[in-house]
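So the structure is just underneath, and the comments pick up after that.
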Amino acid sequence: MKFSEQWLRQWVNPSLSTEELCHQITMAGLEVDAIEPVAPPFNNVVVAEIVTAERHPDADKLQVCQVNTGEETVQIICGAANARVGLKVAAAQVGANLPGDFKIKKAKLRGVESFGMLCSEKELGLAESADGIMELAPEAPVGSDIRDYLGLDDNTIEVGLTPNRSDCLSIAGIARDTGVLCREAVTEPDEKSIPDTISDTFPVSIESTDDCARYVGRVIKGINRQAQTPVWMQERLRRSDIRSLDPVVDVTNYILLELGQPMHAFDLGKLSGGIKVRQATAGEKLTLLNDQEIELKDGSLVIADDNGPLALAGIMGGASSAVSESSVDIFLESAFFAPDALAGRARGYGLHTDSSHRFERGVDYQLQRRAIERATELLLDIVGGAAGPITEVVAKDKLPSRDTITLRAERIERVLGTSFDANEVTDILQRLGMEVQANGDSWQVTPPSYRFDIAIEVDLIEELARIHGYDNLPSHPPTGSLAMAPRSEYQGDLKRLRQMLNVRDYQEVITYSFVDPGLQAVLEPELQAVKLSNPISSEMSDMRTSLLTGLVSTVQHNLNRQQNRVRIFESGLKFIQSSDDIVQTQVIGGAICGNRYDEQWSQTSEKLDFYDIKGDVEALLSLYGVEADYRPAAHPALHPGQSAEVAVNGESIGWLGALHPAIQQKLGLDQSVLVFELQLEKILTASIPVFKSLSRFPAIRRDLAILVDQDVSAQSVKECIHQDASEILQDLILFDVYVGKGIDSGRKSLALGLTLQDNSRTLTDEEVEEFISKIVSGLESRIGATLRV
């Protein structure tokens, strides 16, 4: 919210400097973001009138103007194309100091003397650019100081409001809070009821009362389209960053700033039948005031007549019914639209307007009639015309209700750490416009219609703290007894997993849960993503189905910036649409690429491979004693020959491997990227170590070299051995894989080491041979293995 300090002080004028006033507003929760002067310093510039304007004898583009400055008529050479007889202008006299340390002196231009300068808005520091000299209103008083005439000794104040304080999106709202804070009376414009002088009305009906519970309209006929918006109104609009367009539009914008009620004016001659507030039908089209044609969606609220939609309710009017230079009869509207009905609607069409900004946050539902009376008063003063009776349609049962809230003294003390005098509580709440009824140590409080943010007891306590002053609240160091919460040994800690990855040279990243649907479809084409109904942008419109999307994007971002060695990890939720439900799973994932170690003199560079990331995953799992199996993976984003599924007790808990070469090429990655993702719940279930006495008897090692088909994995061989093994098998390792000379095509040799030991006796050769024979028979029958001779 940006506004003129002079305008605010017309409503409430505390004895505070600009800085003190802004500090007090900020400390009350209305943070002031900026204070800027309306105009830079300059002097000796007056309102003047061009009496004559003749072409310069030696320059086609210059004019020799005789200018009345109020005290005398002086000659000024001007090159602006819009300089003409009778025009009121801003004239800098000889000796004037303009912005940029520019001093006006008597000069000669092509041999003709000039005693001053006719100024543009840019030369006075009032605009970034200008097409010609500044044109003032015909009634501007000649000879008056331009700073006084335009009220330029002023500041603009910009307040960064939180979404809950929609009541302060107006001068009236800011003045209300300022008056309460400074204990000053607020001087509001007189509320006048403008009598109707004609009987003309326009029918109004509300079909969607849930979305629009009140609609107020008024016909005004015979307006003067030649009238100009007064300078004081233009300046107030300009200082709030709203450009003056024409008197009718300016008045509706002025009411929006003054009272916080968005309004709209229709050309009555372009309306047919009657106004209908209804839901749009999918496929209807509407051209907006910004010339954007939109196709309306089901559920959008529109203002329509018998011919179709006229405006996107609470957002923007339509071009077909807009007030134009030929309009002489208008229909003013002022309505209350439910915040829930408009939330996100404007962004759904790629729009954000002053009206939608206010309606989405909440507009006073009792303000509409007052706003239309005030707008009528201003319009009749500026453009004339005759006003008809007010048409008001209300669905009272659909209007918001203000429930009574119980406020307790003990709750105030508990939350704020200090007690309040009962009279002070009542005084503060009443000055904030609330109805208060004291009842012993409690109060029954009903908030005003414009305070949508007050619904529960702590909201009232916040108001007490704001107005009392946060600086005035006592400070108490927190005290309390701390107790160690019991923690199960079977429950692991995510923090330790993070530390483990940090130790292994990973850096933690945090990426958005909202991801690019295009990239996600490439990486996880088989999973159904959760679509956002109101995304930040089209590139962030899906909820992630895997951490892989954010991790790969981060790797890509770093590689594109010459960071060729990347080791990152992330933990968080992934979201998968399942029927009518959303399955959320806590996972941890990582991505690595580049060299195994940073560049150094003592060893050559080696690229990371599958076994590097497998080693990292094994380190994570070993932290809590999780024993996993690794099986060939069929993940669409992974290289089929360099990937594995991670399983615990036969259940898949994640995957690891290299990105598929086709995906690397599509993403423009010039090196292999290795990734992993694991379910946190499965790896945070700790296995408690149990003591087992060491055997006093010798262990026996037997090595087996077997031949199997190429597609048989070492893991399946180990599983086969464990099926036939007894408790004497203490360890099983794979220590060699061979393919080549002496091995049939399509076969490979696996060398396995088996360690055998019993806890109660020394194993005999016969027992060992029997055990090995059983293992070999099982391998032959199940996977077609043969002993290598």
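To be explicit about the labels: the chains of the structure tokens are called A, B, and onward in the order shown, and within each one the residues are counted from 1, while ligands get numbers from 1 in the order they are shown.
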### Message
Set the distance at 7 Å and use only C-alpha atoms: which residues neighbour range 117-120 of chain A once local chain neighbours fewer than 4 positions away are removed? I'd like the list as number ranges by chain.
### Response
A: 76, 78, 89-93, 124, 130, 132-134
### Query
Within 9 Å of Glu373 in chain A, counting only C-alpha atoms, which residues qualify if same-chain residues fewer than 6 places away don't, as a VMD selection string?
chain A and resid 191 to 194 390
Written file, previous selection with N, CA and C atoms, as a PDB file, in the first residue's frame:
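New file again10.pdb:
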```
ATOM      1  N   GLU A 191     -20.187  11.413   5.616  1.00  0.00           N
ATOM      2  CA  GLU A 191     -20.972  10.405   4.904  1.00  0.00           C
ATOM      3  C   GLU A 191     -22.288  11.036   4.465  1.00  0.00           C
ATOM      4  N   LYS A 192     -22.384  11.313   3.179  1.00  0.00           N
ATOM      5  CA  LYS A 192     -23.576  11.961   2.644  1.00  0.00           C
ATOM      6  C   LYS A 192     -24.438  10.945   1.901  1.00  0.00           C
ATOM      7  N   SER A 193     -25.711  11.091   2.055  1.00  0.00           N
ATOM      8  CA  SER A 193     -26.642  10.292   1.275  1.00  0.00           C
ATOM      9  C   SER A 193     -27.103  11.156   0.109  1.00  0.00           C
ATOM     10  N   ILE A 194     -26.651  10.811  -1.079  1.00  0.00           N
ATOM     11  CA  ILE A 194     -26.934  11.626  -2.259  1.00  0.00           C
ATOM     12  C   ILE A 194     -28.349  11.312  -2.745  1.00  0.00           C
ATOM     13  N   ILE A 390     -30.429   4.092  -5.544  1.00  0.00           N
ATOM     14  CA  ILE A 390     -29.498   2.977  -5.388  1.00  0.00           C
ATOM     15  C   ILE A 390     -30.246   1.656  -5.458  1.00  0.00           C
TER      16      ILE A 390
END
```
### Task
Would you list, as a count of residues only, the residues of range 17-168 of chain A that end up in strand (DSSP E or B) under DSSP run on this structure's backbone?
60
### Message
Show me, as an NGL selection string, the residues that have an atom within 6 Å of range 675-686 of chain A when counting only C-alpha atoms, minus same-chain residues fewer than 6 positions from it.
### Response
:A and (490-492 or 586-591 or 624 or 653-657)
Next, dump the selected residues to file, keeping only C-alpha atoms, as a JSON list (two decimals), in the first residue's frame.
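To be explicit, this is the file written out as result.json:
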```json
[["chain", "number", "residue", "atom", "x", "y", "z"],
["A", 490, "TYR", "CA", 15.65, -49.38, 17.37],
["A", 491, "GLN", "CA", 14.90, -45.90, 16.02],
["A", 492, "GLY", "CA", 17.65, -44.33, 13.94],
["A", 586, "GLN", "CA", 10.02, -39.77, 3.37],
["A", 587, "VAL", "CA", 13.15, -40.53, 1.37],
["A", 588, "ILE", "CA", 16.83, -39.67, 1.14],
["A", 589, "GLY", "CA", 18.61, -39.36, -2.17],
["A", 590, "GLY", "CA", 21.93, -38.32, -3.65],
["A", 591, "ALA", "CA", 23.69, -37.56, -6.91],
["A", 624, "TYR", "CA", 22.13, -48.89, 11.63],
["A", 653, "ILE", "CA", 13.46, -49.87, -0.42],
["A", 654, "GLY", "CA", 15.10, -47.92, -3.21],
["A", 655, "TRP", "CA", 17.50, -47.94, -6.14],
["A", 656, "LEU", "CA", 20.89, -46.69, -7.28],
["A", 657, "GLY", "CA", 22.82, -46.42, -10.52]]
```
### Message
as a PyMOL selection string, please: the residues near Arg358 in chain A (cut-off 9 Å, only C-alpha atoms, same-chain neighbours under 4 positions excluded).
### Response
chain A and resi 166-167+169+260-262+314+339+353-354+362-363
Take the residues from that selection and write them out as a short mmCIF file (atom, residue, chain, number, x, y, z; two decimals), in the first residue's frame, keeping N, CA and C atoms.
```
data_model
loop_
_atom_site.label_atom_id
_atom_site.label_comp_id
_atom_site.auth_asym_id
_atom_site.auth_seq_id
_atom_site.Cartn_x
_atom_site.Cartn_y
_atom_site.Cartn_z
N SER A 166 -5.93 -6.85 5.42
CA SER A 166 -6.59 -6.24 4.26
C SER A 166 -7.31 -4.96 4.64
N ASP A 167 -7.64 -4.79 5.93
CA ASP A 167 -8.35 -3.58 6.36
C ASP A 167 -7.48 -2.34 6.21
N LEU A 169 -5.58 -1.72 3.52
CA LEU A 169 -5.31 -1.45 2.10
C LEU A 169 -6.08 -0.21 1.64
N GLY A 260 -10.93 1.54 0.37
CA GLY A 260 -10.58 0.13 0.23
C GLY A 260 -11.63 -0.69 -0.49
N GLN A 261 -12.62 -0.05 -1.12
CA GLN A 261 -13.68 -0.75 -1.83
C GLN A 261 -13.44 -0.67 -3.34
N PRO A 262 -13.10 -1.78 -4.00
CA PRO A 262 -12.99 -1.75 -5.46
C PRO A 262 -14.36 -1.48 -6.09
N GLY A 314 -14.62 -8.94 -9.53
CA GLY A 314 -13.60 -8.69 -8.53
C GLY A 314 -12.20 -8.65 -9.07
N PRO A 339 -13.92 -13.84 -0.13
CA PRO A 339 -12.49 -14.08 -0.38
C PRO A 339 -12.21 -15.48 -0.93
N THR A 353 -4.60 -7.75 -10.02
CA THR A 353 -5.05 -6.35 -10.06
C THR A 353 -5.25 -5.83 -8.65
N ASP A 354 -5.38 -4.51 -8.54
CA ASP A 354 -5.64 -3.90 -7.24
C ASP A 354 -6.94 -4.44 -6.65
N GLY A 362 -10.07 -9.87 1.63
CA GLY A 362 -11.28 -9.55 2.37
C GLY A 362 -11.57 -8.06 2.39
N VAL A 363 -12.74 -7.69 1.91
CA VAL A 363 -13.21 -6.30 1.91
C VAL A 363 -14.38 -6.21 2.88
#
```
For Leu734 in chain A, please output as a compact mmCIF listing (two decimals) with all heavy atoms, in the first residue's frame all residues within 9 Å (counting only C-alpha atoms; exclusion window: fewer than 6 positions along the same chain).
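Result file selection-v6.txt:
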```
# COMPACT_ATOMS: atom_id res chain seq x y z
N ALA A 714 25.59 -62.36 -9.25
CA ALA A 714 26.30 -62.89 -8.08
C ALA A 714 25.36 -62.97 -6.88
O ALA A 714 25.46 -63.89 -6.05
CB ALA A 714 27.50 -62.02 -7.76
N LYS A 718 24.62 -66.18 -4.39
CA LYS A 718 24.72 -66.15 -2.93
C LYS A 718 23.42 -66.61 -2.28
O LYS A 718 23.42 -67.36 -1.30
CB LYS A 718 25.07 -64.74 -2.47
CG LYS A 718 26.50 -64.33 -2.74
CD LYS A 718 26.79 -62.95 -2.14
CE LYS A 718 28.24 -62.56 -2.29
NZ LYS A 718 28.52 -61.26 -1.63
N LEU A 750 32.71 -67.38 -11.64
CA LEU A 750 32.62 -66.68 -10.36
C LEU A 750 33.42 -67.48 -9.33
O LEU A 750 33.22 -68.69 -9.19
CB LEU A 750 31.17 -66.56 -9.89
CG LEU A 750 30.20 -65.84 -10.82
CD1 LEU A 750 28.80 -65.84 -10.18
CD2 LEU A 750 30.66 -64.42 -11.08
N ALA A 751 34.32 -66.81 -8.63
CA ALA A 751 35.11 -67.46 -7.59
C ALA A 751 34.59 -67.01 -6.23
O ALA A 751 34.52 -65.81 -5.94
CB ALA A 751 36.58 -67.10 -7.74
N LEU A 752 34.19 -67.98 -5.39
CA LEU A 752 33.57 -67.70 -4.11
C LEU A 752 34.40 -68.30 -2.98
O LEU A 752 34.93 -69.42 -3.10
CB LEU A 752 32.16 -68.30 -4.05
CG LEU A 752 31.19 -67.80 -5.13
CD1 LEU A 752 30.13 -68.85 -5.40
CD2 LEU A 752 30.56 -66.50 -4.72
N GLY A 753 34.50 -67.55 -1.90
CA GLY A 753 35.19 -68.03 -0.72
C GLY A 753 34.20 -68.33 0.39
O GLY A 753 33.43 -67.44 0.77
```
### Query
Hey, what's within 7 Å of range 284-294 of chain A if we count only C-alpha atoms and toss same-chain stuff fewer than 6 positions away? As a PyMOL selection string, please?
chain A and resi 309+316-319
Output file for the selection above: C-alpha atoms, as a PDB file, in the first residue's frame:
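What landed in part.pdb:
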```pdb
ATOM      1  CA  PRO A 309     -20.139 -11.793 -19.636  1.00  0.00           C
ATOM      2  CA  MET A 316     -11.111  -6.734 -14.140  1.00  0.00           C
ATOM      3  CA  GLY A 317     -13.836  -5.247 -16.285  1.00  0.00           C
ATOM      4  CA  GLY A 318     -14.524  -6.077 -19.905  1.00  0.00           C
ATOM      5  CA  ALA A 319     -13.670  -3.896 -22.884  1.00  0.00           C
TER       6      ALA A 319
END
```
### Query
When DSSP works through the backbone of this structure, what residues of range 484-582 of chain A end up as alpha helix (DSSP H), shown as a list in words?
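So, restricting range 484-582 of chain A to alpha helix (DSSP H), we get Leu494, Lys495, Arg496, Leu497, Arg498, Gln499, Met500, Leu501, Asn502, Val503, Pro517, Gly518, Leu519, Gln520, Ala521, Val522, Leu523, Leu548, Thr549, Gly550, Leu551, Val552, Ser553, Thr554, Val555, Gln556, His557, Asn558 and Leu559 of chain A.
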### Summary
The residue from A:Glu508, A:Asp305, A:Asp709, A:Asp580 with the smallest atom-to-atom distance to Thr786 in chain A, counting only C-alpha atoms, is A:Asp709
### Task
Would you list the contacts of Gly160 in chain A as a ChimeraX atom specification, taking every protein, DNA or RNA residue within 12 Å and counting only C-alpha atoms, but skipping same-chain residues closer than 4 positions in sequence?
/A:1-3,22,25-26,29-35,164-166,168-169,174
Selection to disk with N, CA, C and O atoms, as a tab-separated table (two decimals), in the first residue's frame:
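Contents of the output file out10.tsv:
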```
chain	number	residue	atom	x	y	z
A	1	MET	N	0.86	-1.19	0.00
A	1	MET	CA	0.00	0.00	0.00
A	1	MET	C	0.89	1.24	0.00
A	1	MET	O	1.71	1.42	0.90
A	2	LYS	N	0.73	2.08	-1.03
A	2	LYS	CA	1.53	3.29	-1.16
A	2	LYS	C	0.59	4.49	-1.15
A	2	LYS	O	-0.44	4.47	-1.83
A	3	PHE	N	0.95	5.51	-0.37
A	3	PHE	CA	0.03	6.65	-0.23
A	3	PHE	C	0.81	7.91	0.10
A	3	PHE	O	1.99	7.88	0.47
A	22	CYS	N	6.34	6.95	10.89
A	22	CYS	CA	6.58	5.68	10.19
A	22	CYS	C	7.12	4.62	11.16
A	22	CYS	O	6.79	3.43	11.03
A	25	ILE	N	4.13	3.30	13.09
A	25	ILE	CA	3.32	2.41	12.26
A	25	ILE	C	4.00	1.05	12.12
A	25	ILE	O	3.37	-0.01	12.22
A	26	THR	N	5.32	1.09	11.88
A	26	THR	CA	6.07	-0.16	11.72
A	26	THR	C	6.00	-1.01	12.98
A	26	THR	O	5.78	-2.23	12.92
A	29	GLY	N	3.09	-3.27	13.49
A	29	GLY	CA	2.87	-4.38	12.58
A	29	GLY	C	2.63	-3.99	11.14
A	29	GLY	O	2.48	-4.87	10.28
A	30	LEU	N	2.56	-2.68	10.85
A	30	LEU	CA	2.37	-2.22	9.47
A	30	LEU	C	3.73	-1.72	8.98
A	30	LEU	O	4.03	-0.53	9.04
A	31	GLU	N	4.55	-2.64	8.51
A	31	GLU	CA	5.95	-2.32	8.24
A	31	GLU	C	6.10	-1.34	7.08
A	31	GLU	O	5.63	-1.58	5.97
A	32	VAL	N	6.76	-0.21	7.35
A	32	VAL	CA	7.02	0.78	6.32
A	32	VAL	C	8.26	0.35	5.54
A	32	VAL	O	9.35	0.23	6.10
A	33	ASP	N	8.07	0.12	4.24
A	33	ASP	CA	9.18	-0.34	3.39
A	33	ASP	C	9.97	0.81	2.81
A	33	ASP	O	11.18	0.67	2.56
A	34	ALA	N	9.32	1.95	2.58
A	34	ALA	CA	10.03	3.05	1.92
A	34	ALA	C	9.34	4.37	2.23
A	34	ALA	O	8.12	4.44	2.38
A	35	ILE	N	10.16	5.41	2.37
A	35	ILE	CA	9.69	6.80	2.48
A	35	ILE	C	10.44	7.59	1.41
A	35	ILE	O	11.67	7.64	1.42
A	164	ASN	N	-3.06	-10.79	6.14
A	164	ASN	CA	-4.20	-10.74	7.06
A	164	ASN	C	-4.71	-9.33	7.30
A	164	ASN	O	-5.79	-9.15	7.84
A	165	ARG	N	-3.93	-8.30	6.94
A	165	ARG	CA	-4.34	-6.92	7.24
A	165	ARG	C	-4.93	-6.23	6.01
A	165	ARG	O	-4.51	-5.15	5.61
A	166	SER	N	-5.93	-6.85	5.42
A	166	SER	CA	-6.59	-6.24	4.26
A	166	SER	C	-7.31	-4.96	4.64
A	166	SER	O	-7.57	-4.12	3.78
A	168	CYS	N	-6.17	-2.51	6.05
A	168	CYS	CA	-5.27	-1.36	5.91
A	168	CYS	C	-4.87	-1.11	4.46
A	168	CYS	O	-3.90	-0.37	4.21
A	169	LEU	N	-5.58	-1.72	3.52
A	169	LEU	CA	-5.31	-1.45	2.10
A	169	LEU	C	-6.08	-0.21	1.64
A	169	LEU	O	-6.66	-0.19	0.55
A	174	ILE	N	-5.41	2.77	7.25
A	174	ILE	CA	-4.16	3.25	7.83
A	174	ILE	C	-4.45	4.34	8.86
A	174	ILE	O	-3.85	4.37	9.95
```
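CA of Glu188 in chain A sits 16.0 Å away from CA of Tyr450 in chain A.
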### Query
Looking at A:Ala485, A:Val425, A:Leu608, A:Ala705, which one is nearest to Ser672 in chain A, with distances taken over only C-alpha atoms?
A:Leu608
### Message
Ranking A:Arg696, A:Arg236, A:Arg9, A:Lys105 by minimum distance to Gly179 in chain A and counting only C-alpha atoms, which one comes first?
### Response
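Comparing A:Arg696, A:Arg236, A:Arg9, A:Lys105 against Gly179 in chain A, the winner is A:Arg9.
Comparing the minimum interatomic distances between Thr376 in chain A and each of A:Asp736, A:Asp421, A:Asp145, A:Asp196, counting only C-alpha atoms, we find that A:Asp196 sits nearest.
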